[in-house]
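Data block for final-v9.txt (compact mmCIF, C-alpha atoms and all ligand atoms):
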```
# COMPACT_ATOMS: atom_id res chain seq x y z
CA MET A 1 7.20 -7.89 -16.93
CA ILE A 2 4.17 -6.27 -15.35
CA LYS A 3 3.56 -2.54 -15.61
CA LEU A 4 2.18 -1.00 -12.45
CA ASN A 5 1.31 2.53 -11.40
CA VAL A 6 2.04 2.78 -7.69
CA ASN A 7 1.56 6.04 -5.81
CA GLY A 8 1.62 7.92 -9.09
CA ARG A 9 4.83 6.38 -10.38
CA ALA A 10 5.14 3.95 -13.30
CA ARG A 11 6.88 0.80 -12.11
CA ASP A 12 7.90 -2.30 -14.09
CA VAL A 13 8.21 -5.47 -12.05
CA ASP A 14 9.59 -8.81 -13.22
CA VAL A 15 7.44 -11.22 -11.20
CA GLU A 16 5.10 -14.12 -11.84
CA PRO A 17 1.63 -12.82 -12.85
CA GLU A 18 -0.07 -14.62 -9.97
CA MET A 19 2.29 -13.22 -7.31
CA PRO A 20 0.16 -11.42 -4.71
CA LEU A 21 0.31 -7.65 -5.01
CA LEU A 22 1.24 -7.49 -1.32
CA TRP A 23 4.59 -9.19 -1.97
CA VAL A 24 5.25 -7.11 -5.07
CA LEU A 25 4.77 -3.96 -3.00
CA ARG A 26 6.79 -5.14 -0.02
CA ASP A 27 9.55 -7.24 -1.57
CA GLU A 28 9.98 -5.82 -5.07
CA LEU A 29 9.14 -2.15 -4.53
CA LYS A 30 10.20 -1.93 -0.85
CA LEU A 31 6.93 -0.29 0.20
CA ALA A 32 6.66 -1.89 3.63
CA GLY A 33 3.70 0.17 4.84
CA THR A 34 1.33 -2.45 3.48
CA LYS A 35 1.25 -5.22 6.08
CA TYR A 36 0.79 -8.97 6.06
CA ALA A 37 -1.34 -10.53 8.76
CA CYS A 38 -3.94 -13.21 7.94
CA GLY A 39 -3.11 -13.77 4.27
CA VAL A 40 -6.68 -14.84 3.48
CA ALA A 41 -8.51 -11.53 2.88
CA GLN A 42 -10.03 -11.41 6.37
CA CYS A 43 -8.23 -8.76 8.44
CA GLY A 44 -7.59 -5.86 6.05
CA ALA A 45 -3.99 -5.24 7.12
CA CYS A 46 -2.89 -5.47 3.49
CA THR A 47 -5.51 -3.13 2.07
CA VAL A 48 -4.46 -0.77 -0.73
CA LEU A 49 -6.50 1.32 -3.14
CA VAL A 50 -6.81 0.20 -6.77
CA ASP A 51 -8.47 2.82 -8.93
CA GLY A 52 -9.82 4.31 -5.72
CA GLN A 53 -11.36 1.11 -4.37
CA PRO A 54 -10.05 -0.84 -1.36
CA VAL A 55 -8.48 -4.15 -2.31
CA ARG A 56 -6.94 -6.87 -0.15
CA SER A 57 -3.49 -7.10 -1.70
CA CYS A 58 -2.71 -10.47 -0.08
CA VAL A 59 -5.14 -12.20 -2.45
CA THR A 60 -4.82 -9.92 -5.47
CA PRO A 61 -2.60 -11.21 -8.29
CA ALA A 62 -0.13 -8.59 -9.47
CA ALA A 63 -1.17 -9.02 -13.10
CA SER A 64 -4.77 -8.12 -12.25
CA VAL A 65 -3.77 -4.55 -11.38
CA ALA A 66 -1.47 -3.94 -14.35
CA ASN A 67 -1.90 -0.41 -15.69
CA ARG A 68 -4.32 0.49 -12.88
CA LYS A 69 -3.67 3.08 -10.16
CA VAL A 70 -2.45 1.50 -6.94
CA VAL A 71 -2.14 3.67 -3.83
CA THR A 72 -0.45 2.40 -0.68
CA ILE A 73 -0.27 4.12 2.70
CA GLU A 74 2.97 5.75 1.54
CA GLY A 75 1.02 7.43 -1.26
CA LEU A 76 -1.89 8.79 0.77
CA SER A 77 -2.27 12.55 1.10
CA PRO A 78 -1.67 14.16 4.51
CA ILE A 79 -5.41 14.80 4.82
CA ALA A 80 -6.24 11.15 4.20
CA LEU A 81 -3.54 10.09 6.63
CA ALA A 82 -4.90 12.41 9.29
CA ALA A 83 -8.41 11.02 8.84
CA CYS A 84 -7.07 7.49 9.08
CA SER A 85 -5.04 8.29 12.19
CA ARG A 86 -8.02 9.81 13.97
CA THR A 87 -10.16 6.72 13.51
CA SER A 88 -7.66 3.95 14.10
CA PRO A 89 -4.72 3.66 16.52
CA ALA A 90 -3.34 0.84 14.34
CA CYS A 91 -3.46 3.11 11.34
CA ALA A 92 -1.70 5.85 13.30
CA ALA A 93 1.11 3.46 14.09
CA GLU A 94 1.39 2.53 10.43
CA VAL A 95 1.48 6.16 9.42
CA ALA A 96 4.36 6.82 11.77
CA ASN A 97 6.36 4.12 10.02
CA ALA A 98 5.34 4.69 6.42
CA THR A 99 8.36 5.60 4.34
CA ASP A 100 8.62 5.67 0.57
CA PRO A 101 12.06 4.20 -0.19
CA SER A 102 12.16 5.73 -3.65
CA SER A 103 12.00 9.26 -2.29
CA GLY A 104 13.03 8.68 1.31
CA ALA A 105 9.96 10.62 2.41
CA THR A 106 8.43 9.58 5.69
CA ALA A 107 4.79 10.22 6.35
CA ARG A 108 4.30 12.20 9.53
CA VAL A 109 1.03 13.46 10.85
CA THR A 110 0.70 15.57 13.97
CA LEU A 111 -2.77 15.66 15.41
CA ALA A 112 -4.18 18.31 17.69
CA PRO A 113 -5.33 16.87 21.04
S1 LIG A 201 -3.34 -9.91 5.24
FE1 LIG A 201 -5.29 -9.98 6.17
S2 LIG A 201 -6.63 -9.36 4.59
FE2 LIG A 201 -4.68 -9.45 3.62
```
Starting from the coordinates I provided, produce the structure as structure tokens.
Ligand code: FES
Amino acid sequence: MIKLNVNGRARDVDVEPEMPLLWVLRDELKLAGTKYACGVAQCGACTVLVDGQPVRSCVTPAASVANRKVVTIEGLSPIALAACSRTSPACAAEVANATDPSSGATARVTLAP
């Protein structure tokens, strides 16, 4: 059992310690906003924040972030989401689809033209 703190919530996951954080987030915690693309730490699609620092979750073992603060796109503040959306169309598309299954909340950001 690995104890995680994801988007401010304590979560216990029963996975192998070396399982990539990406798959823990997507498959175990149903946080699908974090995306898989290259799988080799090159593209950044899987980036999450761990203790405030960007980390490529596709190559990060789940056990290495035990008891640290993980923030996914579902956990970003509206201000952070707006900043992200202004700088990246890909990020804006992700924001539109980011839903936290535990609360049912969907991130929505409306930007002025
Ligand atoms: S999926 Fe490309 S860096 Fe992780």
Note to self: Give me, as JSON, numbers by chain, all polymer residues having an atom no more than 9 Å from segment 43-55 of chain A, counting only C-alpha atoms and skipping those fewer than 6 positions away in the same chain.
What the structure shows: {"A": [22, 33, 34, 35, 36, 37, 65, 68, 69, 70, 71, 72, 73]}
Export of prior selection with C-alpha atoms as an mmCIF file, in the frame of the given file:
```cif
data_model
loop_
_atom_site.group_PDB
_atom_site.id
_atom_site.type_symbol
_atom_site.label_atom_id
_atom_site.label_comp_id
_atom_site.auth_asym_id
_atom_site.auth_seq_id
_atom_site.Cartn_x
_atom_site.Cartn_y
_atom_site.Cartn_z
ATOM 1 C CA LEU A 22 1.240 -7.490 -1.320
ATOM 2 C CA GLY A 33 3.700 0.170 4.840
ATOM 3 C CA THR A 34 1.330 -2.450 3.480
ATOM 4 C CA LYS A 35 1.250 -5.220 6.080
ATOM 5 C CA TYR A 36 0.790 -8.970 6.060
ATOM 6 C CA ALA A 37 -1.340 -10.530 8.760
ATOM 7 C CA VAL A 65 -3.770 -4.550 -11.380
ATOM 8 C CA ARG A 68 -4.320 0.490 -12.880
ATOM 9 C CA LYS A 69 -3.670 3.080 -10.160
ATOM 10 C CA VAL A 70 -2.450 1.500 -6.940
ATOM 11 C CA VAL A 71 -2.140 3.670 -3.830
ATOM 12 C CA THR A 72 -0.450 2.400 -0.680
ATOM 13 C CA ILE A 73 -0.270 4.120 2.700
#
```
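Atom CA of Glu18 of chain A to atom CA of Pro61 of chain A spans 4.6 Å [interatomic distance, one decimal].
For the choices A:Ala66, A:Met19, A:Cys38, A:Leu4, the atom-to-atom distance to ligand LIG 201 (chain A) is smallest for A:Cys38 when using only C-alpha atoms and all ligand atoms.
Here atom CA of Leu21 of chain A and atom CA of Ser77 of chain A stand 21.3 Å from one another.
Nearest residue to ligand LIG 201 (chain A) among A:Pro78, A:Ser64, A:Ala41, A:Val59 is A:Ala41, counting only C-alpha atoms and all ligand atoms.
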